[in-house]
file input_37.tsv (TSV, C-alpha atoms)
chain	number	residue	atom	x	y	z
A	321	MET	CA	-39.95	-19.85	32.93
A	322	LYS	CA	-38.92	-21.48	29.68
A	323	GLU	CA	-37.41	-24.96	29.68
A	324	ASP	CA	-34.06	-25.85	28.11
A	325	GLU	CA	-35.95	-27.89	25.51
A	326	TYR	CA	-37.66	-24.71	24.31
A	327	TYR	CA	-34.30	-23.04	23.52
A	328	ASP	CA	-32.87	-26.24	22.05
A	329	ARG	CA	-35.78	-26.61	19.64
A	330	ILE	CA	-35.25	-23.11	18.24
A	331	TYR	CA	-31.49	-23.62	18.19
A	332	GLN	CA	-31.88	-26.81	16.14
A	333	SER	CA	-34.33	-25.11	13.75
A	334	LEU	CA	-31.87	-22.30	13.11
A	335	ILE	CA	-29.06	-24.81	12.52
A	336	THR	CA	-31.21	-26.51	9.90
A	337	LEU	CA	-31.99	-23.19	8.19
A	338	LEU	CA	-28.32	-22.24	8.09
A	339	GLY	CA	-27.39	-25.63	6.65
A	340	GLN	CA	-29.99	-25.22	3.89
A	341	GLN	CA	-28.32	-21.93	2.88
A	342	GLY	CA	-24.77	-23.31	2.85
A	343	LEU	CA	-23.90	-21.54	6.09
A	344	SER	CA	-22.95	-24.57	8.19
A	345	TRP	CA	-19.61	-22.92	8.88
A	346	ILE	CA	-21.43	-20.44	11.12
A	347	VAL	CA	-22.76	-23.34	13.18
A	348	GLN	CA	-19.28	-24.84	13.37
A	349	ASP	CA	-17.86	-21.56	14.62
A	350	VAL	CA	-20.58	-21.18	17.21
A	351	ASN	CA	-20.01	-24.78	18.32
A	352	GLU	CA	-16.31	-24.03	18.74
A	353	GLN	CA	-17.22	-21.13	20.95
A	354	ILE	CA	-19.64	-23.24	22.98
A	355	VAL	CA	-16.94	-25.86	23.54
A	356	MET	CA	-14.56	-23.12	24.75
A	357	GLY	CA	-17.24	-21.68	27.05
A	358	LYS	CA	-17.24	-18.12	28.36
A	359	VAL	CA	-13.60	-17.40	29.10
A	360	MET	CA	-13.10	-15.05	32.04
A	361	ILE	CA	-9.69	-13.40	32.14
A	362	PRO	CA	-8.99	-11.42	35.32
A	363	THR	CA	-8.13	-7.78	34.68
A	364	PRO	CA	-4.92	-6.29	36.13
A	365	GLU	CA	-7.12	-4.40	38.66
A	366	GLU	CA	-8.83	-7.60	39.76
A	367	LYS	CA	-5.47	-9.30	40.11
A	368	LYS	CA	-4.24	-6.46	42.34
A	369	LYS	CA	-7.32	-6.66	44.54
A	370	ALA	CA	-7.05	-10.42	45.00
A	371	PRO	CA	-6.47	-11.57	48.60
A	372	ARG	CA	-2.83	-12.05	49.54
A	373	GLY	CA	-1.45	-15.39	48.50
A	374	LYS	CA	-4.34	-16.05	46.14
A	375	LYS	CA	-3.58	-15.87	42.45
A	376	LEU	CA	-6.55	-15.13	40.23
A	377	ARG	CA	-6.58	-17.45	37.23
A	378	THR	CA	-8.39	-17.49	33.93
A	379	TYR	CA	-11.39	-19.78	33.98
A	380	SER	CA	-14.22	-20.74	31.72
A	381	THR	CA	-17.91	-21.28	32.38
A	382	ALA	CA	-20.29	-23.25	30.21
A	383	TYR	CA	-23.01	-21.55	28.17
A	384	SER	CA	-26.58	-22.21	29.27
A	385	HIS	CA	-29.09	-23.40	26.68
A	386	LYS	CA	-30.50	-19.90	26.44
A	387	GLU	CA	-27.03	-18.36	26.08
A	388	ARG	CA	-26.15	-20.83	23.33
A	389	LEU	CA	-29.20	-19.72	21.38
A	390	ARG	CA	-28.41	-16.06	21.96
A	391	LEU	CA	-24.86	-16.66	20.74
A	392	LEU	CA	-26.17	-18.26	17.54
A	393	ILE	CA	-28.65	-15.44	16.92
A	394	ASN	CA	-25.99	-12.80	17.51
A	395	THR	CA	-23.62	-14.57	15.15
A	396	ILE	CA	-26.26	-14.72	12.39
A	397	ARG	CA	-26.92	-11.02	12.94
A	398	HIS	CA	-23.22	-10.19	12.83
A	399	VAL	CA	-22.39	-12.24	9.77
A	400	VAL	CA	-25.51	-11.74	7.64
A	401	VAL	CA	-26.97	-8.37	8.68
A	402	HIS	CA	-23.67	-6.58	9.25
A	403	GLY	CA	-22.18	-8.40	6.25
A	404	ALA	CA	-24.82	-6.79	4.02
A	405	SER	CA	-24.15	-3.37	5.57
A	406	ILE	CA	-20.45	-3.77	4.82
A	407	GLU	CA	-21.23	-4.74	1.23
A	408	LYS	CA	-23.38	-1.60	0.88
A	409	GLU	CA	-20.56	0.58	2.24
A	410	VAL	CA	-18.02	-1.03	-0.06
A	411	LEU	CA	-20.25	-0.40	-3.05
A	412	SER	CA	-20.92	3.18	-2.12
A	413	PHE	CA	-17.21	3.86	-1.71
A	414	TYR	CA	-15.89	2.24	-4.87
A	415	LEU	CA	-18.85	2.43	-7.24
A	416	GLU	CA	-20.65	5.66	-6.46
A	417	PRO	CA	-19.05	8.93	-7.46
A	418	ASP	CA	-18.81	11.02	-4.31
A	419	ALA	CA	-16.40	13.57	-3.00
A	420	HIS	CA	-14.32	10.99	-1.13
A	421	SER	CA	-13.97	7.87	-3.22
A	422	GLN	CA	-13.75	9.54	-6.61
A	423	ALA	CA	-12.51	6.67	-8.68
A	424	GLN	CA	-11.26	8.13	-11.91
A	425	PHE	CA	-13.35	5.65	-13.84
A	426	ARG	CA	-16.32	4.24	-12.03
A	427	PRO	CA	-16.12	0.45	-12.07
A	428	LEU	CA	-19.20	-1.58	-12.97
A	429	ALA	CA	-18.79	-4.18	-10.24
A	430	ILE	CA	-16.44	-5.56	-7.62
A	431	LYS	CA	-15.28	-9.16	-7.77
A	432	PHE	CA	-13.46	-11.31	-5.26
A	433	TYR	CA	-11.34	-14.14	-6.54
A	434	SER	CA	-9.59	-16.93	-4.67
A	435	GLU	CA	-6.53	-18.48	-6.29
A	436	VAL	CA	-6.73	-21.27	-3.71
A	437	GLU	CA	-10.28	-22.21	-4.68
A	438	GLN	CA	-9.64	-21.10	-8.27
A	439	GLU	CA	-13.01	-19.46	-8.54
A	440	GLU	CA	-14.75	-16.18	-8.34
A	441	VAL	CA	-16.18	-16.19	-4.87
A	442	ALA	CA	-18.33	-13.10	-5.02
A	443	ILE	CA	-19.54	-10.44	-7.35
A	444	THR	CA	-21.22	-7.39	-6.01
A	445	ASP	CA	-22.93	-4.71	-8.06
A	446	GLU	CA	-25.55	-2.01	-7.84
A	447	GLN	CA	-28.40	-4.29	-8.91
A	448	GLN	CA	-28.12	-7.08	-6.36
A	449	ALA	CA	-26.58	-5.41	-3.33
A	450	PRO	CA	-29.44	-3.00	-2.42
A	451	LEU	CA	-31.95	-5.87	-2.54
A	452	ARG	CA	-29.73	-7.96	-0.30
A	453	TYR	CA	-29.30	-5.05	2.07
A	454	ALA	CA	-33.09	-4.57	2.35
A	455	GLN	CA	-33.59	-8.27	3.03
A	456	ALA	CA	-30.79	-8.25	5.60
A	457	GLN	CA	-32.41	-5.34	7.45
A	458	LYS	CA	-35.67	-7.28	7.46
A	459	LEU	CA	-33.84	-10.32	8.82
A	460	GLY	CA	-32.29	-8.15	11.54
A	461	ASN	CA	-35.76	-7.06	12.65
A	462	ILE	CA	-36.99	-10.66	12.77
A	463	LEU	CA	-33.96	-11.69	14.83
A	464	ASP	CA	-34.64	-8.79	17.22
A	465	ARG	CA	-38.23	-9.96	17.67
A	466	LEU	CA	-37.08	-13.52	18.27
A	467	GLN	CA	-34.54	-12.30	20.80
A	468	GLU	CA	-37.20	-10.29	22.66
A	469	LEU	CA	-39.38	-13.36	22.82
A	470	LEU	CA	-36.56	-15.41	24.29
A	471	ASP	CA	-35.76	-12.76	26.86
A	472	ASP	CA	-39.38	-12.63	27.96
A	473	ASP	CA	-39.57	-15.21	30.71
A	474	HIS	CA	-43.36	-15.39	30.81
B	416	MET	CA	-48.44	-22.15	14.87
B	417	THR	CA	-46.58	-20.45	17.72
B	418	ILE	CA	-45.02	-16.98	17.39
B	419	GLU	CA	-41.61	-18.65	17.47
B	420	ASP	CA	-42.54	-20.88	14.55
B	421	GLN	CA	-43.83	-17.87	12.63
B	422	LEU	CA	-40.56	-16.05	13.19
B	423	LEU	CA	-38.56	-19.10	12.13
B	424	ALA	CA	-40.65	-19.31	8.96
B	425	GLU	CA	-39.91	-15.62	8.30
B	426	ILE	CA	-36.22	-16.23	8.84
B	427	GLN	CA	-36.39	-19.12	6.38
B	428	SER	CA	-38.01	-16.95	3.71
B	429	THR	CA	-35.61	-14.03	4.25
B	430	LEU	CA	-32.23	-15.60	4.94
B	431	GLY	CA	-31.43	-16.84	1.42
B	432	SER	CA	-31.95	-13.46	-0.23
B	433	ALA	CA	-30.07	-11.58	2.52
B	434	ILE	CA	-26.79	-13.47	2.17
B	435	THR	CA	-23.94	-11.74	0.39
B	436	PRO	CA	-22.22	-14.20	-1.99
B	437	ASN	CA	-18.96	-14.22	-0.07
B	438	LEU	CA	-20.74	-15.60	3.00
B	439	ARG	CA	-21.23	-18.95	1.34
B	440	ARG	CA	-17.52	-19.53	1.84
B	441	SER	CA	-15.92	-20.62	5.07
B	442	ASP	CA	-13.70	-17.53	5.00
B	443	PRO	CA	-15.82	-14.54	4.00
B	444	SER	CA	-13.24	-11.91	4.86
B	445	GLY	CA	-12.60	-10.57	1.33
B	446	ILE	CA	-15.31	-7.94	1.40
B	447	PHE	CA	-14.26	-6.86	4.91
B	448	GLU	CA	-10.73	-6.31	3.62
B	449	ALA	CA	-12.07	-4.15	0.77
B	450	TYR	CA	-14.06	-2.26	3.41
B	451	ILE	CA	-10.92	-1.61	5.48
B	452	LEU	CA	-9.06	-0.53	2.35
B	453	SER	CA	-11.75	2.15	1.88
B	454	PHE	CA	-10.81	3.60	5.30
B	455	VAL	CA	-7.16	3.61	4.33
B	456	LEU	CA	-7.97	5.52	1.14
B	457	ARG	CA	-10.31	7.96	2.90
B	458	ALA	CA	-7.59	8.62	5.49
B	459	ALA	CA	-5.06	9.29	2.74
B	460	ILE	CA	-7.46	11.75	1.07
B	461	ARG	CA	-8.09	13.54	4.38
B	462	VAL	CA	-4.40	14.22	4.85
B	463	GLY	CA	-3.89	15.49	1.33
B	464	ALA	CA	-3.56	12.60	-1.10
B	465	ARG	CA	-4.33	13.50	-4.66
B	466	THR	CA	-7.94	12.97	-5.73
B	467	PRO	CA	-9.47	11.28	-7.53
B	468	ILE	CA	-7.76	8.14	-6.31
B	469	ARG	CA	-6.44	6.20	-9.29
B	470	TYR	CA	-6.82	2.46	-9.55
B	471	GLU	CA	-4.96	0.06	-11.76
B	472	ASP	CA	-4.45	-3.65	-12.26
B	473	VAL	CA	-1.26	-5.71	-12.28
B	474	ASN	CA	-0.67	-4.73	-15.93
B	475	GLY	CA	-1.07	-1.03	-15.23
B	476	ASN	CA	-4.50	-0.76	-16.89
B	477	SER	CA	-7.45	1.15	-15.41
B	478	PRO	CA	-9.96	-1.55	-14.45
B	479	THR	CA	-13.64	-1.39	-15.37
B	480	ILE	CA	-14.34	-4.11	-12.80
B	481	PHE	CA	-12.42	-4.07	-9.54
B	482	GLU	CA	-11.02	-7.47	-8.62
B	483	PHE	CA	-9.75	-8.09	-5.12
B	484	ARG	CA	-8.08	-11.18	-3.71
B	485	ALA	CA	-10.21	-13.48	-1.56
B	486	SER	CA	-7.13	-15.51	-0.61
B	487	PRO	CA	-3.54	-14.31	-0.28
B	488	SER	CA	-1.30	-14.33	-3.33
B	489	TYR	CA	1.77	-12.68	-4.79
B	490	ILE	CA	1.71	-9.01	-5.68
B	491	ALA	CA	2.86	-9.87	-9.20
B	492	SER	CA	0.25	-12.59	-9.69
B	493	THR	CA	-1.39	-12.45	-13.09
B	494	ALA	CA	-3.93	-15.14	-12.26
B	495	ARG	CA	-6.45	-12.30	-12.32
B	496	PRO	CA	-6.14	-8.60	-13.06
B	497	TYR	CA	-6.16	-7.71	-9.37
B	498	THR	CA	-6.88	-4.09	-8.55
B	499	HIS	CA	-4.75	-1.81	-6.39
B	500	ALA	CA	-5.09	1.89	-5.57
B	501	LEU	CA	-2.45	4.56	-6.10
B	502	ILE	CA	-1.89	7.06	-3.31
B	503	GLU	CA	-0.04	10.22	-4.22
B	504	PHE	CA	1.22	12.80	-1.73
B	505	PRO	CA	3.14	15.83	-2.99
B	506	SER	CA	6.92	15.38	-2.89
B	507	LYS	CA	6.69	11.87	-1.42
B	508	PRO	CA	7.21	8.46	-3.00
B	509	LEU	CA	4.12	7.16	-4.76
B	510	LEU	CA	2.29	4.43	-2.83
B	511	GLU	CA	0.18	1.44	-3.82
B	512	ALA	CA	-2.59	0.02	-1.61
B	513	HIS	CA	-3.24	-3.72	-2.04
B	514	VAL	CA	-5.58	-6.36	-0.63
B	515	GLY	CA	-4.35	-9.85	0.35
B	516	VAL	CA	-0.69	-9.79	-0.74
B	517	LEU	CA	2.25	-11.77	0.57
B	518	VAL	CA	5.21	-9.82	1.91
B	519	GLU	CA	8.72	-10.81	2.91
B	520	GLY	CA	9.52	-10.47	6.61
B	521	GLU	CA	12.92	-9.50	7.97
B	522	SER	CA	13.66	-13.20	8.50
B	523	GLY	CA	12.87	-13.92	4.86
B	524	VAL	CA	9.64	-15.72	5.81
B	525	LEU	CA	6.57	-14.78	3.78
B	526	HIS	CA	3.57	-13.30	5.58
B	527	GLU	CA	0.10	-12.35	4.46
B	528	CYS	CA	-1.02	-8.73	4.70
B	529	ASP	CA	-4.78	-8.38	4.36
B	530	VAL	CA	-4.33	-4.72	3.45
B	531	ALA	CA	-0.90	-3.25	2.69
B	532	VAL	CA	0.31	0.15	1.57
B	533	ILE	CA	3.64	-0.31	-0.19
B	534	THR	CA	5.93	2.07	-2.02
B	535	ARG	CA	5.23	1.89	-5.72
B	536	GLU	CA	8.92	1.53	-6.41
B	537	GLU	CA	9.01	-1.68	-4.35
B	538	ALA	CA	5.79	-3.02	-5.88
B	539	GLN	CA	7.17	-2.37	-9.35
B	540	ARG	CA	10.45	-4.08	-8.45
B	541	CYS	CA	8.50	-7.19	-7.39
B	542	ARG	CA	6.48	-7.19	-10.61
B	543	ARG	CA	9.62	-6.64	-12.68
B	544	GLU	CA	11.70	-9.33	-11.00
B	545	SER	CA	8.91	-11.93	-10.83
B	546	ARG	CA	8.49	-14.03	-13.94
B	547	MET	CA	5.86	-16.27	-15.41
B	548	GLY	CA	6.51	-19.97	-15.72
B	549	TRP	CA	7.18	-21.33	-19.20
B	550	SER	CA	8.07	-24.77	-20.55
B	551	GLY	CA	10.62	-26.33	-18.21
B	552	SER	CA	11.00	-23.21	-16.11
B	553	PRO	CA	8.86	-22.59	-13.02
B	554	ALA	CA	7.35	-19.21	-12.23
B	555	VAL	CA	9.30	-17.07	-9.78
B	556	TRP	CA	7.56	-14.66	-7.45
B	557	ILE	CA	9.21	-11.83	-5.56
B	558	SER	CA	7.45	-10.26	-2.57
B	559	PRO	CA	7.76	-6.76	-1.10
B	560	ASP	CA	10.29	-6.12	1.64
B	561	THR	CA	8.54	-5.03	4.86
B	562	ALA	CA	10.91	-2.05	5.12
B	563	LYS	CA	9.04	-0.66	2.09
B	564	ILE	CA	5.60	-1.07	3.63
B	565	VAL	CA	4.08	2.02	5.21
B	566	LEU	CA	1.01	0.38	6.71
B	567	SER	CA	-0.31	-3.16	7.06
B	568	VAL	CA	-3.63	-4.37	8.43
B	569	GLU	CA	-4.66	-7.78	9.71
B	570	CYS	CA	-8.43	-7.88	9.18
B	571	LYS	CA	-10.81	-10.15	11.03
B	572	PHE	CA	-14.48	-10.36	10.17
B	573	TYR	CA	-16.86	-11.98	12.69
B	574	GLN	CA	-15.89	-13.86	15.81
B	575	ARG	CA	-14.48	-17.33	16.07
B	576	ALA	CA	-13.43	-18.65	19.44
B	577	ARG	CA	-10.22	-20.51	18.75
B	578	LEU	CA	-9.41	-18.74	15.53
B	579	ASP	CA	-9.48	-15.40	17.31
B	580	VAL	CA	-6.50	-16.25	19.45
B	581	ASP	CA	-4.74	-18.04	16.59
B	582	LEU	CA	-5.07	-14.91	14.47
B	583	ALA	CA	-3.81	-12.69	17.25
B	584	ARG	CA	-0.83	-15.02	17.69
B	585	SER	CA	-0.07	-14.96	13.98
B	586	PHE	CA	-0.40	-11.16	14.08
B	587	LEU	CA	2.19	-11.05	16.87
B	588	GLY	CA	4.46	-13.29	14.80
B	589	LEU	CA	3.96	-11.05	11.80
B	590	THR	CA	4.67	-7.83	13.68
B	591	SER	CA	7.84	-9.22	15.23
B	592	ASP	CA	9.13	-10.03	11.74
B	593	MET	CA	8.23	-6.73	10.14
B	594	SER	CA	10.20	-3.55	9.83
B	595	THR	CA	9.67	-0.92	12.53
B	596	ARG	CA	8.97	1.56	9.71
B	597	CYS	CA	5.65	-0.16	9.04
B	598	ASP	CA	2.58	0.66	11.16
B	599	LYS	CA	0.80	-2.63	11.87
B	600	TYR	CA	-2.89	-2.78	12.73
B	601	PHE	CA	-5.19	-5.54	13.92
B	602	VAL	CA	-8.77	-4.69	12.95
B	603	ALA	CA	-11.84	-6.74	13.83
B	604	SER	CA	-15.53	-6.38	13.10
B	605	ALA	CA	-16.37	-7.78	16.54
B	606	SER	CA	-14.80	-7.75	19.96
B	607	ALA	CA	-13.05	-10.69	21.59
B	608	ASP	CA	-11.71	-10.44	25.13
B	609	SER	CA	-8.92	-12.99	24.71
B	610	VAL	CA	-7.53	-11.24	21.64
B	611	GLU	CA	-7.73	-7.81	23.22
B	612	VAL	CA	-6.00	-8.93	26.40
B	613	LEU	CA	-3.24	-10.58	24.39
B	614	LEU	CA	-2.67	-7.61	22.06
B	615	ASN	CA	-2.87	-5.08	24.90
B	616	GLU	CA	-0.32	-7.06	26.84
B	617	LYS	CA	2.03	-6.90	23.84
B	618	HIS	CA	1.35	-3.19	23.21
B	619	LYS	CA	-0.07	-3.73	19.74
B	620	ILE	CA	-2.47	-1.45	17.86
B	621	TRP	CA	-5.91	-3.03	17.56
B	622	HIS	CA	-9.35	-1.74	16.66
B	623	ARG	CA	-12.60	-3.59	17.28
B	624	ASN	CA	-16.29	-3.24	16.35
B	625	ILE	CA	-15.39	-1.88	12.95
B	626	LEU	CA	-18.80	-1.93	11.31
B	627	PRO	CA	-20.85	0.64	9.36
B	628	GLY	CA	-22.19	3.30	11.70
B	629	ALA	CA	-19.97	2.34	14.65
B	630	VAL	CA	-18.07	5.18	16.38
B	631	GLU	CA	-14.93	3.05	16.36
B	632	THR	CA	-14.64	3.47	12.59
B	633	GLU	CA	-13.79	7.13	13.04
B	634	MET	CA	-11.02	6.19	15.48
B	635	LEU	CA	-9.62	3.72	12.98
B	636	GLN	CA	-9.64	6.31	10.23
B	637	ASN	CA	-7.90	8.80	12.54
B	638	ALA	CA	-5.23	6.21	13.27
B	639	PHE	CA	-4.64	5.63	9.55
B	640	GLN	CA	-4.43	9.40	9.09
B	641	THR	CA	-1.70	9.54	11.73
B	642	THR	CA	0.25	6.89	9.85
B	643	PHE	CA	0.01	8.91	6.64
B	644	ARG	CA	0.92	12.14	8.43
B	645	ASN	CA	4.03	10.44	9.79
B	646	PHE	CA	4.82	9.19	6.30
B	647	ILE	CA	4.47	12.72	4.90
B	648	THR	CA	6.64	14.35	7.57
B	649	SER	CA	9.24	11.62	7.99
B	650	ARG	CA	12.54	12.00	6.20
B	651	LYS	CA	12.98	8.25	6.21
B	652	TRP	CA	10.61	7.91	3.27
call {"tool": "encode", "arguments": {"input": "input_37.tsv", "output": "structure tokens"}}
result
Amino acid sequence: MKEDEYYDRIYQSLITLLGQQGLSWIVQDVNEQIVMGKVMIPTPEEKKKAPRGKKLRTYSTAYSHKERLRLLINTIRHVVVHGASIEKEVLSFYLEPDAHSQAQFRPLAIKFYSEVEQEEVAITDEQQAPLRYAQAQKLGNILDRLQELLDDDH
Amino acid sequence: MTIEDQLLAEIQSTLGSAITPNLRRSDPSGIFEAYILSFVLRAAIRVGARTPIRYEDVNGNSPTIFEFRASPSYIASTARPYTHALIEFPSKPLLEAHVGVLVEGESGVLHECDVAVITREEAQRCRRESRMGWSGSPAVWISPDTAKIVLSVECKFYQRARLDVDLARSFLGLTSDMSTRCDKYFVASASADSVEVLLNEKHKIWHRNILPGAVETEMLQNAFQTTFRNFITSRKW
């Protein structure tokens, strides 16, 4: 059985890695979720089945140390690994000539610009995106292995 | 070195090169909105929109680089040559599909639409009636009337506890202030119980787990197709 300290050490290491890459906002979001806890909302069926005179209410339970770590790992997977998959899809739709997208003139790249921040926030093109996608898939595999290790209670 | 430490070292060496540039911002939803726009365009093509889809910028030029908004702004904004798509169905008004534009609700309040399909006539009116600022005279921006919007999508990438519910609430506010002619969607890359309960309770259209390879993407595209079919068959447009 692993101790809470074991999960906390890995959790803290991941937080440090995210901070080094300018991804502290992920940590902030996960922290928000941890503060909220796991919110349990009774379904209409559960409400109907509740004993007479007893009203089922929404309640929240705290995350365990292990659950906190799982939440952080899942969030990294969602944001980074799935983010790269989305980028790949976006590129293949707008940049590659196929039967569906069929832009009249194929663009060279896709840019995202924020008038609030007054800067180009992202450029994606056919050179960088496939490399990122490959690295993201690799990261996904590492996260899977880490998750398996955490789930193994021996 | 433990296996855990080895894996952490591998994460350290991989993470930096796996991050898409938009993720270094606190709101990385721009690329997700472009992704959802691709479903809108595919749906339009499936129900008979003219191909190839034409794209143009705010000045009517064909762009060599597509520029999408990463924060909401006016449809007539010339801060950048933002790209929009043109959707053409036979014998129907021409449509424009935009990312991140502000629209005018029935109350007159401005709302953000992450993805919006607007009649070209209305988009052109806004561009025509808006004007650039010049010495002593401020710029004036006109936003599309929601009665001229065929489809709008609130997009949400990744999960955020409190923000989830805030977004759902703002979506409810938006839908209550938009014309009934407009089909309004709430689309998320993840699932969130609180949001789903809230939107279900209010009978709103929402789609979750919209990610590459997920079966839910087909359902979303089918829903967009239904919106376009209704647009094609309706005499109101």
call {"tool": "closest_residue", "arguments": {"input": "input_37.tsv", "among": "B:His622, B:Arg457, B:Arg535, B:Arg650", "to": "chain A", "atoms": "only C-alpha atoms"}}
result
B:Arg457
call {"tool": "closest_residue", "arguments": {"input": "input_37.tsv", "among": "A:Arg390, A:Lys375, A:Lys322, A:His398", "to": "chain B", "atoms": "all atoms listed in the file"}}
result
A:His398
call {"tool": "closest_residue", "arguments": {"input": "input_37.tsv", "among": "A:Tyr453, A:Tyr433, A:Tyr331, A:Tyr414", "to": "Pro467 of chain B", "atoms": "all atoms listed in the file"}}
result
A:Tyr414
call {"tool": "closest_residue", "arguments": {"input": "input_37.tsv", "among": "B:Ile490, B:Tyr573, B:Ser432, B:Arg461", "to": "Ile396 of chain A", "atoms": "only C-alpha atoms"}}
result
B:Tyr573
call {"tool": "closest_atom_pairs", "arguments": {"input": "input_37.tsv", "of": "chain A", "to": "chain B", "cutoff": "7 Å", "atoms": "all atoms listed in the file", "output": "Markdown table"}}
result
| residue | atom | partner | partner_atom | distance |
| --- | --- | --- | --- | --- |
| A:Leu337 | CA | B:Gln427 | CA | 6.3 |
| A:Gln341 | CA | B:Gly431 | CA | 6.1 |
| A:Gly342 | CA | B:Arg439 | CA | 5.8 |
| A:Leu343 | CA | B:Arg439 | CA | 6.0 |
| A:Trp345 | CA | B:Ser441 | CA | 5.8 |
| A:Asp349 | CA | B:Arg575 | CA | 5.6 |
| A:Glu352 | CA | B:Ala576 | CA | 6.1 |
| A:Gln353 | CA | B:Ala576 | CA | 4.8 |
| A:His398 | CA | B:Tyr573 | CA | 6.6 |
| A:Val399 | CA | B:Tyr573 | CA | 6.3 |
| A:Val400 | CA | B:Ile434 | CA | 5.9 |
| A:Gly403 | CA | B:Thr435 | CA | 7.0 |
| A:Ala404 | CA | B:Thr435 | CA | 6.2 |
| A:Ser405 | CA | B:Pro627 | CA | 6.4 |
| A:Ile406 | CA | B:Pro627 | CA | 6.3 |
| A:Glu407 | CA | B:Ile446 | CA | 6.7 |
| A:Val410 | CA | B:Tyr450 | CA | 5.4 |
| A:Phe413 | CA | B:Ser453 | CA | 6.8 |
| A:His420 | CA | B:Arg457 | CA | 6.4 |
| A:Ser421 | CA | B:Ile468 | CA | 6.9 |
| A:Gln422 | CA | B:Pro467 | CA | 4.7 |
| A:Ala423 | CA | B:Ile468 | CA | 5.5 |
| A:Gln424 | CA | B:Pro467 | CA | 5.7 |
| A:Pro427 | CA | B:Thr479 | CA | 4.5 |
| A:Leu428 | CA | B:Ile480 | CA | 5.5 |
| A:Ala429 | CA | B:Ile480 | CA | 5.1 |
| A:Ile430 | CA | B:Phe481 | CA | 4.7 |
| A:Lys431 | CA | B:Glu482 | CA | 4.7 |
| A:Phe432 | CA | B:Phe483 | CA | 4.9 |
| A:Tyr433 | CA | B:Ala485 | CA | 5.1 |
| A:Ser434 | CA | B:Ala485 | CA | 4.7 |
| A:Glu435 | CA | B:Ser486 | CA | 6.4 |
| A:Val436 | CA | B:Ser486 | CA | 6.6 |
| A:Val441 | CA | B:Asn437 | CA | 5.9 |
| A:Ala442 | CA | B:Pro436 | CA | 5.1 |
| A:Arg452 | CA | B:Ala433 | CA | 4.6 |
| A:Tyr453 | CA | B:Ala433 | CA | 6.6 |
| A:Gln455 | CA | B:Ala433 | CA | 4.9 |
| A:Ala456 | CA | B:Ala433 | CA | 4.6 |
| A:Leu459 | CA | B:Thr429 | CA | 6.1 |
| A:Ile462 | CA | B:Leu422 | CA | 6.5 |
| A:Leu466 | CA | B:Leu422 | CA | 6.7 |
call {"tool": "closest_residue", "arguments": {"input": "input_37.tsv", "among": "A:Leu389, A:Leu451, A:Leu411, A:Val401", "to": "Asp324 of chain A", "atoms": "all atoms listed in the file"}}
result
A:Leu389
call {"tool": "build_atoms", "arguments": {"input": "input_37.tsv", "residues": "segment 387-398 of chain A", "atoms": "N, CA and C atoms", "output": "PDB file, in the frame of the given file"}}
result
ATOM      1  N   GLU A 387     -28.203 -19.113  26.552  1.00  0.00           N
ATOM      2  CA  GLU A 387     -27.030 -18.360  26.080  1.00  0.00           C
ATOM      3  C   GLU A 387     -26.506 -18.895  24.744  1.00  0.00           C
ATOM      4  N   ARG A 388     -26.576 -20.215  24.595  1.00  0.00           N
ATOM      5  CA  ARG A 388     -26.150 -20.830  23.330  1.00  0.00           C
ATOM      6  C   ARG A 388     -26.986 -20.280  22.168  1.00  0.00           C
ATOM      7  N   LEU A 389     -28.293 -20.222  22.420  1.00  0.00           N
ATOM      8  CA  LEU A 389     -29.200 -19.720  21.380  1.00  0.00           C
ATOM      9  C   LEU A 389     -28.925 -18.245  21.088  1.00  0.00           C
ATOM     10  N   ARG A 390     -28.708 -17.479  22.154  1.00  0.00           N
ATOM     11  CA  ARG A 390     -28.410 -16.060  21.960  1.00  0.00           C
ATOM     12  C   ARG A 390     -27.124 -15.882  21.146  1.00  0.00           C
ATOM     13  N   LEU A 391     -26.133 -16.710  21.455  1.00  0.00           N
ATOM     14  CA  LEU A 391     -24.860 -16.660  20.740  1.00  0.00           C
ATOM     15  C   LEU A 391     -25.077 -16.934  19.241  1.00  0.00           C
ATOM     16  N   LEU A 392     -25.908 -17.926  18.938  1.00  0.00           N
ATOM     17  CA  LEU A 392     -26.170 -18.260  17.540  1.00  0.00           C
ATOM     18  C   LEU A 392     -26.911 -17.104  16.840  1.00  0.00           C
ATOM     19  N   ILE A 393     -27.897 -16.557  17.504  1.00  0.00           N
ATOM     20  CA  ILE A 393     -28.650 -15.440  16.920  1.00  0.00           C
ATOM     21  C   ILE A 393     -27.728 -14.238  16.676  1.00  0.00           C
ATOM     22  N   ASN A 394     -26.919 -13.934  17.664  1.00  0.00           N
ATOM     23  CA  ASN A 394     -25.990 -12.800  17.510  1.00  0.00           C
ATOM     24  C   ASN A 394     -24.996 -13.031  16.376  1.00  0.00           C
ATOM     25  N   THR A 395     -24.568 -14.275  16.219  1.00  0.00           N
ATOM     26  CA  THR A 395     -23.620 -14.570  15.150  1.00  0.00           C
ATOM     27  C   THR A 395     -24.281 -14.418  13.782  1.00  0.00           C
ATOM     28  N   ILE A 396     -25.535 -14.895  13.670  1.00  0.00           N
ATOM     29  CA  ILE A 396     -26.260 -14.720  12.390  1.00  0.00           C
ATOM     30  C   ILE A 396     -26.403 -13.225  12.099  1.00  0.00           C
ATOM     31  N   ARG A 397     -26.756 -12.464  13.133  1.00  0.00           N
ATOM     32  CA  ARG A 397     -26.920 -11.020  12.940  1.00  0.00           C
ATOM     33  C   ARG A 397     -25.604 -10.398  12.469  1.00  0.00           C
ATOM     34  N   HIS A 398     -24.526 -10.775  13.158  1.00  0.00           N
ATOM     35  CA  HIS A 398     -23.220 -10.190  12.830  1.00  0.00           C
ATOM     36  C   HIS A 398     -22.816 -10.525  11.398  1.00  0.00           C
TER      37      HIS A 398
END
